[in-house]
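Enquirer: Sharing structure.cif, mmCIF, C-alpha atoms and all ligand atoms; chains and numbers go by the auth columns:
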data_data
loop_
_atom_site.group_PDB
_atom_site.id
_atom_site.type_symbol
_atom_site.label_atom_id
_atom_site.label_comp_id
_atom_site.label_asym_id
_atom_site.label_seq_id
_atom_site.Cartn_x
_atom_site.Cartn_y
_atom_site.Cartn_z
_atom_site.B_iso_or_equiv
_atom_site.auth_seq_id
_atom_site.auth_asym_id
ATOM 1 C CA MET A 1 -13.552 21.100 39.993 0.00 1 A
ATOM 2 C CA ASN A 2 -17.250 20.896 40.860 0.00 2 A
ATOM 3 C CA ILE A 3 -18.006 19.884 44.430 0.00 3 A
ATOM 4 C CA VAL A 4 -21.114 19.423 46.565 0.00 4 A
ATOM 5 C CA ILE A 5 -20.611 19.702 50.323 0.00 5 A
ATOM 6 C CA MET A 6 -23.374 18.262 52.487 0.00 6 A
ATOM 7 C CA GLY A 7 -23.868 17.737 56.193 0.00 7 A
ATOM 8 C CA PRO A 8 -26.075 18.730 59.119 0.00 8 A
ATOM 9 C CA PRO A 9 -26.307 22.428 60.020 0.00 9 A
ATOM 10 C CA GLY A 10 -23.328 23.578 62.062 0.00 10 A
ATOM 11 C CA VAL A 11 -20.985 20.784 61.036 0.00 11 A
ATOM 12 C CA GLY A 12 -18.595 23.334 59.496 0.00 12 A
ATOM 13 C CA LYS A 13 -19.611 23.325 55.822 0.00 13 A
ATOM 14 C CA GLY A 14 -19.268 27.116 55.548 0.00 14 A
ATOM 15 C CA THR A 15 -15.829 27.189 57.188 0.00 15 A
ATOM 16 C CA GLN A 16 -14.559 24.300 55.081 0.00 16 A
ATOM 17 C CA SER A 17 -16.011 25.877 51.933 0.00 17 A
ATOM 18 C CA HIS A 18 -14.037 29.098 52.476 0.00 18 A
ATOM 19 C CA GLY A 19 -10.813 27.068 52.789 0.00 19 A
ATOM 20 C CA LEU A 20 -11.592 25.016 49.671 0.00 20 A
ATOM 21 C CA GLU A 21 -12.452 28.134 47.678 0.00 21 A
ATOM 22 C CA GLU A 22 -9.106 29.661 48.619 0.00 22 A
ATOM 23 C CA LYS A 23 -7.116 26.512 47.890 0.00 23 A
ATOM 24 C CA TRP A 24 -8.760 25.357 44.658 0.00 24 A
ATOM 25 C CA GLY A 25 -10.259 28.547 43.199 0.00 25 A
ATOM 26 C CA MET A 26 -13.802 27.338 42.624 0.00 26 A
ATOM 27 C CA VAL A 27 -16.715 29.609 43.570 0.00 27 A
ATOM 28 C CA HIS A 28 -18.531 28.929 46.862 0.00 28 A
ATOM 29 C CA ILE A 29 -22.292 28.995 46.375 0.00 29 A
ATOM 30 C CA SER A 30 -24.299 28.808 49.599 0.00 30 A
ATOM 31 C CA THR A 31 -28.032 28.646 48.953 0.00 31 A
ATOM 32 C CA GLY A 32 -28.644 29.665 52.596 0.00 32 A
ATOM 33 C CA ASP A 33 -26.580 32.842 52.024 0.00 33 A
ATOM 34 C CA ILE A 34 -28.439 33.571 48.767 0.00 34 A
ATOM 35 C CA LEU A 35 -31.784 33.285 50.580 0.00 35 A
ATOM 36 C CA ARG A 36 -30.657 35.365 53.574 0.00 36 A
ATOM 37 C CA MET A 37 -29.466 38.088 51.185 0.00 37 A
ATOM 38 C CA ALA A 38 -32.849 38.009 49.455 0.00 38 A
ATOM 39 C CA ILE A 39 -34.559 38.468 52.845 0.00 39 A
ATOM 40 C CA ARG A 40 -32.286 41.366 53.729 0.00 40 A
ATOM 41 C CA GLY A 41 -32.885 42.978 50.351 0.00 41 A
ATOM 42 C CA GLU A 42 -36.645 42.547 50.864 0.00 42 A
ATOM 43 C CA SER A 43 -36.980 41.033 47.391 0.00 43 A
ATOM 44 C CA GLU A 44 -39.973 38.955 46.298 0.00 44 A
ATOM 45 C CA LEU A 45 -37.949 35.770 46.871 0.00 45 A
ATOM 46 C CA GLY A 46 -37.001 37.030 50.357 0.00 46 A
ATOM 47 C CA THR A 47 -40.605 37.620 51.358 0.00 47 A
ATOM 48 C CA LYS A 48 -41.573 34.139 50.184 0.00 48 A
ATOM 49 C CA VAL A 49 -38.890 32.278 52.146 0.00 49 A
ATOM 50 C CA GLN A 50 -38.498 34.225 55.396 0.00 50 A
ATOM 51 C CA GLU A 51 -41.054 32.415 57.539 0.00 51 A
ATOM 52 C CA VAL A 52 -40.080 28.916 56.371 0.00 52 A
ATOM 53 C CA MET A 53 -36.419 29.624 57.065 0.00 53 A
ATOM 54 C CA ASN A 54 -37.009 31.008 60.545 0.00 54 A
ATOM 55 C CA LEU A 55 -38.840 27.804 61.455 0.00 55 A
ATOM 56 C CA GLY A 56 -35.923 25.699 60.218 0.00 56 A
ATOM 57 C CA ASP A 57 -38.043 24.131 57.458 0.00 57 A
ATOM 58 C CA LEU A 58 -37.084 23.765 53.822 0.00 58 A
ATOM 59 C CA VAL A 59 -37.932 26.197 51.044 0.00 59 A
ATOM 60 C CA PRO A 60 -40.070 24.508 48.311 0.00 60 A
ATOM 61 C CA ASP A 61 -38.115 22.471 45.766 0.00 61 A
ATOM 62 C CA GLU A 62 -39.375 24.349 42.658 0.00 62 A
ATOM 63 C CA LEU A 63 -38.227 27.655 44.110 0.00 63 A
ATOM 64 C CA MET A 64 -34.796 26.220 44.955 0.00 64 A
ATOM 65 C CA MET A 65 -34.407 24.805 41.439 0.00 65 A
ATOM 66 C CA GLU A 66 -35.026 28.295 40.044 0.00 66 A
ATOM 67 C CA VAL A 67 -32.495 29.805 42.466 0.00 67 A
ATOM 68 C CA ILE A 68 -29.796 27.296 41.519 0.00 68 A
ATOM 69 C CA LYS A 69 -30.458 27.478 37.786 0.00 69 A
ATOM 70 C CA GLU A 70 -30.163 31.254 37.926 0.00 70 A
ATOM 71 C CA ARG A 71 -26.924 31.122 39.938 0.00 71 A
ATOM 72 C CA LEU A 72 -25.243 28.494 37.746 0.00 72 A
ATOM 73 C CA SER A 73 -26.042 30.514 34.634 0.00 73 A
ATOM 74 C CA GLN A 74 -23.876 33.424 35.817 0.00 74 A
ATOM 75 C CA GLY A 75 -20.554 33.697 34.033 0.00 75 A
ATOM 76 C CA ASP A 76 -18.131 33.498 36.984 0.00 76 A
ATOM 77 C CA LEU A 77 -17.829 29.723 37.315 0.00 77 A
ATOM 78 C CA GLU A 78 -15.087 28.771 34.867 0.00 78 A
ATOM 79 C CA ASN A 79 -12.957 27.399 37.767 0.00 79 A
ATOM 80 C CA GLY A 80 -15.856 25.290 38.956 0.00 80 A
ATOM 81 C CA TRP A 81 -18.321 25.586 41.811 0.00 81 A
ATOM 82 C CA LEU A 82 -18.691 24.413 45.372 0.00 82 A
ATOM 83 C CA LEU A 83 -22.322 23.948 46.311 0.00 83 A
ATOM 84 C CA ASP A 84 -23.079 24.290 50.014 0.00 84 A
ATOM 85 C CA GLY A 85 -26.696 23.671 51.094 0.00 85 A
ATOM 86 C CA PHE A 86 -27.966 22.286 47.797 0.00 86 A
ATOM 87 C CA PRO A 87 -29.387 19.757 46.978 0.00 87 A
ATOM 88 C CA ARG A 88 -31.333 19.339 50.226 0.00 88 A
ATOM 89 C CA THR A 89 -34.023 16.825 49.175 0.00 89 A
ATOM 90 C CA ALA A 90 -34.278 13.758 46.915 0.00 90 A
ATOM 91 C CA VAL A 91 -36.467 15.787 44.523 0.00 91 A
ATOM 92 C CA GLN A 92 -33.781 18.496 44.247 0.00 92 A
ATOM 93 C CA ALA A 93 -31.059 15.856 43.782 0.00 93 A
ATOM 94 C CA SER A 94 -32.899 14.098 40.916 0.00 94 A
ATOM 95 C CA ALA A 95 -33.745 17.376 39.194 0.00 95 A
ATOM 96 C CA PHE A 96 -30.144 18.537 39.650 0.00 96 A
ATOM 97 C CA ILE A 97 -28.705 15.341 38.120 0.00 97 A
ATOM 98 C CA LEU A 98 -30.903 15.905 35.047 0.00 98 A
ATOM 99 C CA MET A 99 -29.980 19.572 34.881 0.00 99 A
ATOM 100 C CA LEU A 100 -26.243 18.760 34.976 0.00 100 A
ATOM 101 C CA GLU A 101 -26.668 16.224 32.174 0.00 101 A
ATOM 102 C CA GLU A 102 -28.480 18.850 30.118 0.00 102 A
ATOM 103 C CA ILE A 103 -25.754 21.444 30.557 0.00 103 A
ATOM 104 C CA GLY A 104 -22.949 18.888 30.145 0.00 104 A
ATOM 105 C CA GLN A 105 -21.490 19.218 33.639 0.00 105 A
ATOM 106 C CA THR A 106 -20.613 16.728 36.350 0.00 106 A
ATOM 107 C CA ILE A 107 -19.841 16.597 40.078 0.00 107 A
ATOM 108 C CA ASP A 108 -16.243 15.598 40.826 0.00 108 A
ATOM 109 C CA ALA A 109 -16.865 14.904 44.505 0.00 109 A
ATOM 110 C CA VAL A 110 -19.763 14.856 46.948 0.00 110 A
ATOM 111 C CA LEU A 111 -18.482 15.463 50.470 0.00 111 A
ATOM 112 C CA VAL A 112 -20.770 14.427 53.334 0.00 112 A
ATOM 113 C CA VAL A 113 -19.438 15.861 56.600 0.00 113 A
ATOM 114 C CA ARG A 114 -20.857 14.137 59.690 0.00 114 A
ATOM 115 C CA ALA A 115 -20.870 14.809 63.445 0.00 115 A
ATOM 116 C CA PRO A 116 -23.032 13.581 66.363 0.00 116 A
ATOM 117 C CA ALA A 117 -26.219 15.570 67.076 0.00 117 A
ATOM 118 C CA GLU A 118 -25.162 16.653 70.575 0.00 118 A
ATOM 119 C CA GLU A 119 -21.946 18.162 69.228 0.00 119 A
ATOM 120 C CA ILE A 120 -23.964 20.090 66.610 0.00 120 A
ATOM 121 C CA VAL A 121 -26.373 21.484 69.224 0.00 121 A
ATOM 122 C CA ARG A 122 -23.440 22.562 71.390 0.00 122 A
ATOM 123 C CA ARG A 123 -21.761 24.338 68.456 0.00 123 A
ATOM 124 C CA LEU A 124 -24.842 26.056 67.022 0.00 124 A
ATOM 125 C CA ASN A 125 -26.266 27.264 70.315 0.00 125 A
ATOM 126 C CA GLY A 126 -23.414 29.726 70.669 0.00 126 A
ATOM 127 C CA ARG A 127 -23.102 30.637 67.012 0.00 127 A
ATOM 128 C CA ILE A 128 -23.315 34.227 65.868 0.00 128 A
ATOM 129 C CA THR A 129 -23.330 35.469 62.292 0.00 129 A
ATOM 130 C CA CYS A 130 -22.203 38.743 60.720 0.00 130 A
ATOM 131 C CA ARG A 131 -24.901 40.488 58.661 0.00 131 A
ATOM 132 C CA ALA A 132 -22.238 42.308 56.648 0.00 132 A
ATOM 133 C CA CYS A 133 -19.976 39.436 55.511 0.00 133 A
ATOM 134 C CA ASN A 134 -21.965 36.284 56.469 0.00 134 A
ATOM 135 C CA GLU A 135 -19.037 34.839 58.441 0.00 135 A
ATOM 136 C CA VAL A 136 -19.963 32.777 61.491 0.00 136 A
ATOM 137 C CA MET A 137 -18.187 32.634 64.836 0.00 137 A
ATOM 138 C CA ASN A 138 -18.796 30.992 68.172 0.00 138 A
ATOM 139 C CA LEU A 139 -19.505 32.748 71.466 0.00 139 A
ATOM 140 C CA VAL A 140 -17.414 30.062 73.154 0.00 140 A
ATOM 141 C CA GLY A 141 -14.400 31.825 71.665 0.00 141 A
ATOM 142 C CA PHE A 142 -15.402 35.223 73.099 0.00 142 A
ATOM 143 C CA ALA A 143 -15.681 34.776 76.909 0.00 143 A
ATOM 144 C CA SER A 144 -19.306 35.604 77.754 0.00 144 A
ATOM 145 C CA THR A 145 -20.317 38.462 75.458 0.00 145 A
ATOM 146 C CA ALA A 146 -20.263 38.859 71.706 0.00 146 A
ATOM 147 C CA PRO A 147 -17.723 41.379 70.359 0.00 147 A
ATOM 148 C CA LYS A 148 -19.067 44.689 69.009 0.00 148 A
ATOM 149 C CA PHE A 149 -17.135 44.460 65.752 0.00 149 A
ATOM 150 C CA CYS A 150 -17.015 41.517 63.381 0.00 150 A
ATOM 151 C CA PRO A 151 -13.522 39.996 63.735 0.00 151 A
ATOM 152 C CA PHE A 152 -13.566 39.097 60.021 0.00 152 A
ATOM 153 C CA CYS A 153 -14.720 42.275 58.233 0.00 153 A
ATOM 154 C CA GLY A 154 -14.638 44.841 61.057 0.00 154 A
ATOM 155 C CA ALA A 155 -18.283 45.900 60.598 0.00 155 A
ATOM 156 C CA SER A 156 -20.167 47.038 63.701 0.00 156 A
ATOM 157 C CA GLU A 157 -23.440 47.618 61.969 0.00 157 A
ATOM 158 C CA ASP A 158 -25.392 46.557 58.899 0.00 158 A
ATOM 159 C CA SER A 159 -25.362 49.977 57.245 0.00 159 A
ATOM 160 C CA LYS A 160 -28.406 49.273 55.058 0.00 160 A
ATOM 161 C CA ARG A 161 -30.752 48.557 57.947 0.00 161 A
ATOM 162 C CA GLY A 162 -29.017 50.228 60.894 0.00 162 A
ATOM 163 C CA LYS A 163 -28.898 46.954 62.847 0.00 163 A
ATOM 164 C CA PRO A 164 -25.880 45.518 64.716 0.00 164 A
ATOM 165 C CA ALA A 165 -23.708 43.460 62.365 0.00 165 A
ATOM 166 C CA LEU A 166 -23.418 40.498 64.739 0.00 166 A
ATOM 167 C CA TYR A 167 -26.565 38.528 65.551 0.00 167 A
ATOM 168 C CA GLN A 168 -27.836 35.072 66.382 0.00 168 A
ATOM 169 C CA ARG A 169 -29.763 33.600 63.459 0.00 169 A
ATOM 170 C CA ALA A 170 -33.413 32.899 64.315 0.00 170 A
ATOM 171 C CA ASP A 171 -32.847 29.301 63.204 0.00 171 A
ATOM 172 C CA ASP A 172 -29.811 28.855 65.493 0.00 172 A
ATOM 173 C CA LYS A 173 -31.976 28.473 68.646 0.00 173 A
ATOM 174 C CA GLU A 174 -31.829 25.048 70.323 0.00 174 A
ATOM 175 C CA GLU A 175 -35.358 23.868 69.494 0.00 175 A
ATOM 176 C CA THR A 176 -35.018 24.923 65.859 0.00 176 A
ATOM 177 C CA ILE A 177 -31.559 23.355 65.647 0.00 177 A
ATOM 178 C CA ARG A 178 -33.011 19.982 66.711 0.00 178 A
ATOM 179 C CA HIS A 179 -35.729 20.336 64.085 0.00 179 A
ATOM 180 C CA ARG A 180 -33.155 21.199 61.376 0.00 180 A
ATOM 181 C CA LEU A 181 -31.149 18.091 62.357 0.00 181 A
ATOM 182 C CA GLU A 182 -34.247 15.963 61.920 0.00 182 A
ATOM 183 C CA VAL A 183 -34.899 17.581 58.528 0.00 183 A
ATOM 184 C CA PHE A 184 -31.306 16.785 57.534 0.00 184 A
ATOM 185 C CA ARG A 185 -31.645 13.133 58.556 0.00 185 A
ATOM 186 C CA LYS A 186 -35.008 12.575 56.909 0.00 186 A
ATOM 187 C CA LYS A 187 -34.798 14.728 53.787 0.00 187 A
ATOM 188 C CA THR A 188 -31.170 15.530 52.971 0.00 188 A
ATOM 189 C CA LEU A 189 -29.426 12.213 53.606 0.00 189 A
ATOM 190 C CA PRO A 190 -31.620 10.526 50.946 0.00 190 A
ATOM 191 C CA ALA A 191 -30.466 13.253 48.521 0.00 191 A
ATOM 192 C CA ALA A 192 -26.838 12.336 49.282 0.00 192 A
ATOM 193 C CA TRP A 193 -27.440 8.629 48.590 0.00 193 A
ATOM 194 C CA LEU A 194 -29.066 9.540 45.253 0.00 194 A
ATOM 195 C CA LEU A 195 -26.020 11.559 44.233 0.00 195 A
ATOM 196 C CA GLU A 196 -23.819 8.636 45.288 0.00 196 A
ATOM 197 C CA GLU A 197 -25.364 6.502 42.531 0.00 197 A
ATOM 198 C CA LYS A 198 -23.846 8.838 39.904 0.00 198 A
ATOM 199 C CA TYR A 199 -20.867 10.613 41.450 0.00 199 A
ATOM 200 C CA PRO A 200 -17.994 9.771 43.856 0.00 200 A
ATOM 201 C CA LEU A 201 -19.138 10.382 47.433 0.00 201 A
ATOM 202 C CA TYR A 202 -16.873 10.644 50.471 0.00 202 A
ATOM 203 C CA GLU A 203 -17.985 10.661 54.091 0.00 203 A
ATOM 204 C CA ILE A 204 -15.836 12.973 56.191 0.00 204 A
ATOM 205 C CA ASP A 205 -15.552 12.938 59.987 0.00 205 A
ATOM 206 C CA GLY A 206 -16.518 16.488 61.065 0.00 206 A
ATOM 207 C CA LEU A 207 -15.188 16.183 64.641 0.00 207 A
ATOM 208 C CA GLY A 208 -12.018 17.962 65.699 0.00 208 A
ATOM 209 C CA THR A 209 -10.583 21.331 64.748 0.00 209 A
ATOM 210 C CA PRO A 210 -11.404 23.004 61.401 0.00 210 A
ATOM 211 C CA GLU A 211 -7.791 22.295 60.356 0.00 211 A
ATOM 212 C CA GLU A 212 -8.171 18.582 61.087 0.00 212 A
ATOM 213 C CA VAL A 213 -11.385 18.396 59.055 0.00 213 A
ATOM 214 C CA ALA A 214 -9.743 20.373 56.208 0.00 214 A
ATOM 215 C CA ARG A 215 -6.883 17.850 56.162 0.00 215 A
ATOM 216 C CA ARG A 216 -9.331 14.938 55.824 0.00 216 A
ATOM 217 C CA ILE A 217 -11.076 16.715 52.927 0.00 217 A
ATOM 218 C CA SER A 218 -7.767 17.510 51.234 0.00 218 A
ATOM 219 C CA GLU A 219 -6.771 13.857 51.399 0.00 219 A
ATOM 220 C CA VAL A 220 -9.862 12.719 49.500 0.00 220 A
ATOM 221 C CA LEU A 221 -9.722 15.539 46.944 0.00 221 A
ATOM 222 C CA GLN A 222 -6.077 14.956 46.164 0.00 222 A
HETATM 223 P P1 LIG B . -28.165 27.006 55.600 0.00 301 B
HETATM 224 O O1 LIG B . -27.544 28.347 55.690 0.00 301 B
HETATM 225 O O2 LIG B . -27.582 26.144 54.509 0.00 301 B
HETATM 226 O O3 LIG B . -28.220 26.283 56.933 0.00 301 B
HETATM 227 O O4 LIG B . -29.691 27.220 55.155 0.00 301 B
HETATM 228 C C1 LIG B . -30.571 27.940 55.987 0.00 301 B
HETATM 229 C C2 LIG B . -32.003 27.674 55.571 0.00 301 B
HETATM 230 O O5 LIG B . -32.201 28.077 54.207 0.00 301 B
HETATM 231 C C3 LIG B . -32.458 26.218 55.611 0.00 301 B
HETATM 232 O O6 LIG B . -32.821 25.801 56.904 0.00 301 B
HETATM 233 C C4 LIG B . -33.645 26.277 54.650 0.00 301 B
HETATM 234 O O7 LIG B . -34.760 26.880 55.256 0.00 301 B
HETATM 235 C C5 LIG B . -33.145 27.223 53.568 0.00 301 B
HETATM 236 N N1 LIG B . -32.442 26.499 52.473 0.00 301 B
HETATM 237 C C6 LIG B . -31.149 26.662 52.064 0.00 301 B
HETATM 238 N N2 LIG B . -30.858 25.842 51.046 0.00 301 B
HETATM 239 C C7 LIG B . -31.989 25.160 50.778 0.00 301 B
HETATM 240 C C8 LIG B . -32.344 24.140 49.830 0.00 301 B
HETATM 241 N N3 LIG B . -31.460 23.667 48.935 0.00 301 B
HETATM 242 N N4 LIG B . -33.614 23.669 49.851 0.00 301 B
HETATM 243 C C9 LIG B . -34.527 24.132 50.721 0.00 301 B
HETATM 244 N N5 LIG B . -34.263 25.066 51.638 0.00 301 B
HETATM 245 C C10 LIG B . -33.013 25.584 51.674 0.00 301 B
#
How does the structure come out when it is put into structure tokens?
Ligand code: AMP

Expert:
Amino acid sequence: MNIVIMGPPGVGKGTQSHGLEEKWGMVHISTGDILRMAIRGESELGTKVQEVMNLGDLVPDELMMEVIKERLSQGDLENGWLLDGFPRTAVQASAFILMLEEIGQTIDAVLVVRAPAEEIVRRLNGRITCRACNEVMNLVGFASTAPKFCPFCGASEDSKRGKPALYQRADDKEETIRHRLEVFRKKTLPAAWLLEEKYPLYEIDGLGTPEEVARRISEVLQ
């Protein structure tokens, strides 16, 4: 199964993607994770995108098309893919539709997970990320201070760079979050409506516990 999961930052796309990957066996491809890894590895791509990402703006479309083409050409996707964070603009969506036609693939479901802006700001403000495994967690779940070890992979430090494993992403600060929400509304929603012209699209209520949201997604996929 090939799936695209869309939604504002912090709505739970990453968490839901992990569950879907486990349940259905497709490969989770997060373009945000790919770019953050490129920054950490200090590659040419990383240097190009770092500033734009920290400001909460979008990486240029041509660059993203190269990233996605490269990733989809790798040979590990026979059980399908789950795209999280791509396409993010109408230009990317149109180019992606053409690319899929060229390679003879389709999208079985586009999932658009929604939640009110104030809920997103509340969730992202306390979000911390692990440099080692990319998992995210919320400070709300950890009294007042972040734990020293990642509860998912156990890392305390990013061994490559000698930095603490757990950190708050530069783009998870309140002002940047509000900007990213605006970018989602203006640039990414039009990409969703373009995909809807070709593929089945389902809007999912992102409020409630991760389990509740997973149940809603399961219902539409089944
Ligand atoms: P995410 O982890 O999906 O929230 O992505 C973090 C940041 O990576 C975004 O705010 C953008 O700066 C960049 N990014 C990820 N995917 C894309 C994309 N498809 N197009 C443009 N920028 C992207």

Enquirer: Listed atoms of stretch 198-211 of chain A, axis-aligned box, 8 Å per side: centre and edge lengths to one decimal in Å, as lines of an AutoDock Vina configuration file?

Expert:
center_x = -15.8
center_y = 15.9
center_z = 52.8
size_x = 32.1
size_y = 30.2
size_z = 41.8

Enquirer: List every protein, DNA or RNA residue with an atom no more than 8 Å from (-25.2, 29.3, 48.1) in the file's coordinates, counting all atoms listed in the file, and format the result as a PyMOL selection string.

Expert: chain A and resi 28-34+83-86

Enquirer: Could you pull out the residues sitting within 10 Å of ligand LIG 301 (chain B), using all atoms listed in the file, and write them as a CSV table (one decimal) with C-alpha atoms, in the coordinates of the input?

Expert:
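What ended up in result-v5.csv:
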chain,number,residue,atom,x,y,z
A,6,MET,CA,-23.4,18.3,52.5
A,7,GLY,CA,-23.9,17.7,56.2
A,8,PRO,CA,-26.1,18.7,59.1
A,9,PRO,CA,-26.3,22.4,60.0
A,10,GLY,CA,-23.3,23.6,62.1
A,11,VAL,CA,-21.0,20.8,61.0
A,13,LYS,CA,-19.6,23.3,55.8
A,14,GLY,CA,-19.3,27.1,55.5
A,30,SER,CA,-24.3,28.8,49.6
A,31,THR,CA,-28.0,28.6,49.0
A,32,GLY,CA,-28.6,29.7,52.6
A,33,ASP,CA,-26.6,32.8,52.0
A,34,ILE,CA,-28.4,33.6,48.8
A,35,LEU,CA,-31.8,33.3,50.6
A,36,ARG,CA,-30.7,35.4,53.6
A,49,VAL,CA,-38.9,32.3,52.1
A,50,GLN,CA,-38.5,34.2,55.4
A,51,GLU,CA,-41.1,32.4,57.5
A,52,VAL,CA,-40.1,28.9,56.4
A,53,MET,CA,-36.4,29.6,57.1
A,54,ASN,CA,-37.0,31.0,60.5
A,55,LEU,CA,-38.8,27.8,61.5
A,56,GLY,CA,-35.9,25.7,60.2
A,57,ASP,CA,-38.0,24.1,57.5
A,58,LEU,CA,-37.1,23.8,53.8
A,59,VAL,CA,-37.9,26.2,51.0
A,60,PRO,CA,-40.1,24.5,48.3
A,61,ASP,CA,-38.1,22.5,45.8
A,62,GLU,CA,-39.4,24.3,42.7
A,63,LEU,CA,-38.2,27.7,44.1
A,64,MET,CA,-34.8,26.2,45.0
A,65,MET,CA,-34.4,24.8,41.4
A,67,VAL,CA,-32.5,29.8,42.5
A,68,ILE,CA,-29.8,27.3,41.5
A,83,LEU,CA,-22.3,23.9,46.3
A,84,ASP,CA,-23.1,24.3,50.0
A,85,GLY,CA,-26.7,23.7,51.1
A,86,PHE,CA,-28.0,22.3,47.8
A,87,PRO,CA,-29.4,19.8,47.0
A,88,ARG,CA,-31.3,19.3,50.2
A,89,THR,CA,-34.0,16.8,49.2
A,91,VAL,CA,-36.5,15.8,44.5
A,92,GLN,CA,-33.8,18.5,44.2
A,93,ALA,CA,-31.1,15.9,43.8
A,134,ASN,CA,-22.0,36.3,56.5
A,169,ARG,CA,-29.8,33.6,63.5
A,171,ASP,CA,-32.8,29.3,63.2
A,172,ASP,CA,-29.8,28.9,65.5
A,176,THR,CA,-35.0,24.9,65.9
A,177,ILE,CA,-31.6,23.4,65.6
A,179,HIS,CA,-35.7,20.3,64.1
A,180,ARG,CA,-33.2,21.2,61.4
A,181,LEU,CA,-31.1,18.1,62.4
A,183,VAL,CA,-34.9,17.6,58.5
A,184,PHE,CA,-31.3,16.8,57.5
A,187,LYS,CA,-34.8,14.7,53.8
A,188,THR,CA,-31.2,15.5,53.0

Enquirer: Determine the residue membership of the PyMOL selection byres (((chain A and resi 165) around 9) and not hetatm) for the file above and supply it as a ChimeraX atom specification.

Expert: /A:129-133,148-150,155-159,162-164,166-167

Enquirer: Determine, using all atoms listed in the file, which residues of stretch 176-206 of chain A have any atom at most 7 Å from an atom of stretch 210-221 of chain A, and tabulate each with its shortest atom pair and distance in Å to one decimal place, rows ordered by chain and then rising number, as a tab-separated table.

Expert:
residue	atom	partner	partner_atom	distance
A:Ile204	CA	A:Arg216	CA	6.8
A:Asp205	CA	A:Val213	CA	6.9
A:Gly206	CA	A:Val213	CA	5.8

Enquirer: Translate the PyMOL selection byres (((chain A and resi 94-110) around 6) and not hetatm) into a concrete residue list for this structure, as a ChimeraX atom specification.

Expert: /A:2-5,91-93,111,200-201

Enquirer: Which one of A:Met1, A:Val112, A:Val136, A:Ala192 sits closest to A:Gly25 if you count only C-alpha atoms?

Expert: A:Met1

Enquirer: May I ask for the distance between atom CA of A:Glu175 and atom CA of A:Gly12, given in Å to one decimal place?

Expert: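 These atoms are spaced 19.5 Å apart.
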
Enquirer: Figure out the distance between atom CA of A:Ile39 and atom CA of A:Glu119, please, to one decimal in Å.

Expert: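 It comes out at 29.0 Å.
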
Enquirer: Determine the nearest neighbour of A:Asp76 from the options A:Arg122, A:Cys153, A:Glu197, A:Met26, counting only C-alpha atoms.

Expert: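 Nearest to A:Asp76: A:Met26.
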
Enquirer: Can you work out the spacing between atom CA of A:Glu22 and atom CA of A:Arg127 in Å, to one decimal?

Expert: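 These two atoms are separated by 23.1 Å.
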
Enquirer: Under the rule that only C-alpha atoms are counted, which of A:Ser73, A:Leu207, A:Pro190, A:Ser43 is the nearest residue to A:Arg114?

Expert: A:Leu207
